[in-house]
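Working notes for the structure below.
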Amino acid sequence: MTEMMRIVDILRQQPLGETIEAKGWLRTRRDSGSLSFLDLTDGSCLAGLQIVAEPSLGNYLTEVKRLSTGCSLRVRGRLVASPAKGQPVELRADLVEVLGLADPETYPLQKKRHSLEFLRSIAHLRSRTNALGAVARIRSALSFAIHRFFREQGFILVQTPIITTSDCEGAGEMFTVTTLNPVQMNKHNPFADDFFGQRAGLTVSGQLQAEVFALSHGRVYTFGPTFRAENSNTTRHLAEFWMLEPEMAFCDLAGDMEMAEAMIKALIAAVLAECAEDLALFDQHVAKGLIDKLTKVRDCRFVHLTYTEAVAELQRGRRDFSYPVRWGVDLQAEHERYLCKEVAGAPVIVTNYPEAIKPFYMRLDDDGRTVAAMDILVEGIGELVGGSQREERYEVLARRMTAAGLDLEQYGWYLDLRRFGSVPHAGFGLGFDRLVQFVTGMSNIRDVSPFPRTPGSAPC
Ligand code: 4AD
Ligand code: MG
């Protein structure tokens with residue numbers, strides 16, 4: 001009997017002597033003597049399956065000898081131990097059926113290595129390459145590991161809305177969602193006649209809604225796309241990115257940091273265990289020493305610094321930063337990288353930032369100047385996680401919201417959570433694309449997002 005198998009399973013199980021069928025895309029064809037060797041990939045793993053095609057195949061001269069990179073094939077044959085170096089097994093084909101051709105004159109992917117910049121211009125084909133294919137598998141493994149981790153910790157998954165009327169971060173970076181054209185907009189109240197009767201936008205964070213469920217279910221998380229219309233053309237910003245946001249009732253800042261550190265380590269442990277072959281590719285070709293770096297993060301203790309201590313370290317460092325540091329300014333990527341690399345040699349958790357540079361929902365510290373915030377900074381990326389204990393005291397929250405210029409009536413539901421059974425609670429947001437960047441060592445976030453959206457660019 002012929003069994004259709006994925007290449008990852010063929011290479012793992014190596015069912016020698018059996019007739020099996022595989023489907024995939026041709027990476028390369030090499031002719032040697034009277035034989036052709038086809039390297040077939042189906043995306044299930046980095047390694048390809050070597051197919052040996054003999055002239056006895058009915059379509060050898062008419063089709064097999066003309067196959068080029070990118071063609072799709074169905075092959076069938078017996079799996080045998082490979083006499084050559086480079087692969088443990090090979091498939092001796094008795095059938096090579098061409099499913100789809102890829103004209104070598106116009107197919108943009110060839111055997112040579114392409115630059116990541118070039119691959120960005122063909123987002124619809126780049127997932128077929130080794131590196132971008134490996135990114136996709138690692139992204140998937142990390143997503144799955146996230147759900148497993150939170151399930152094991154007793155969290156429930158909440159789907160928070162993508163369309164919302166509240167600007168969680170208060171930074172005015174929401175994309176507007178409207179069915180009106182500008183001409184139809186009422187001058188005094190532009191969104192009165194709009195679909196939702198008020199201004200709505202794409203969410204910048206699911207946190208405020210996650211808090212609703214934390215105050216009914218204790219431990220919850222939301223994981224989905226978020227959108228920010230910030231004009232940041234950097235290697236770590238996307239206009240659409242995925243964020244993981246756990247929220248915990250009966251939890252303070254210390255508990256929040258403990259959970260975030262445990263989670264990052266568990267996720268790294270999962271990819272080290274499950275994606276060894278893909279990580280080895282990045283270690284070899286993209287970021288030398290990557291596996292060592294990840295292993296160290298998995299096994300080290302994160303370093304804790306208050307914002308005030310971090311500023312003192314940065315001032316002591318006397319580096320020529322493009323942005324000078326003084327108490328009260330927000331930390332820039334260059335400062336974050338310096339803290340990780342030069343000061344701590346490990347991920348750093350910076351806590352208790354000035355109240356003035358953080359959003360309204362963070363809990364005011366007793367000194368009245370700082371809030372119970374925490375950012376986790378990692379080497380090469382900077383901020384990976386941003387979180388805080390939330391302000392659970394009605395009066396303090398209402399005061400801060402007013403100061404931030406928010407309409408208390410519109411956020412009445414959020415304030416209600418402090419009027420009815422308020423409890424200390426905390427949570428954080430992990431930038432998922434930045435995590436994939438950190439784990440793969442890819443230097444540009446556009447290369448770890450399947451379909452990156454950035455200012456001026458949203459292909460396919
Ligand atoms: O620090 P941020 O803005 O925090 C929040 O949105 C909170 N509501 C999270 C919470 O407490 N539930 O964003 C969280 C993380 C950042 O640390 C960063 O990793 C990532 O989201 N992030 C971005 N990733 C890619 N592109 C962007 N434009 C990003 N902005 C933030
Ligand atoms: Mg932040």
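Chain lettering (A, B, ...) mirrors the order of the structure tokens, residue numbering begins at 1 for each chain separately, and ligand numbering begins at 1 in order of display.
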
Val75 (chain A) surroundings by only C-alpha atoms, 10 Å radius, close-in-sequence under 4 positions cut, as a count of residues only: 17

Residues near Tyr411 (chain A), cut-off 10 Å, only C-alpha atoms, skip fewer than 4 positions along chain, as a ChimeraX atom specification: /A:165-166,208,398,401,406-407,415-416

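For ligand 2, the set of protein, DNA and RNA residues within 9 Å, based on only C-alpha atoms and all ligand atoms, reads Lys358, Met374, Asp375, Glu383, Leu384, Val385, Gly386, Gly387 and Gly429 of chain A.
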
Closest-contact table, region 341-426 of chain A side, partner region 436-458 of chain A, 9 Å, counting only C-alpha atoms, as JSON lines:
{"residue": "A:Val378", "atom": "CA", "partner": "A:Phe438", "partner_atom": "CA", "distance": 8.1}
{"residue": "A:Glu379", "atom": "CA", "partner": "A:Phe438", "partner_atom": "CA", "distance": 8.2}
{"residue": "A:Gly380", "atom": "CA", "partner": "A:Phe438", "partner_atom": "CA", "distance": 7.4}
{"residue": "A:Ile381", "atom": "CA", "partner": "A:Phe438", "partner_atom": "CA", "distance": 6.7}
{"residue": "A:Leu384", "atom": "CA", "partner": "A:Phe438", "partner_atom": "CA", "distance": 8.8}
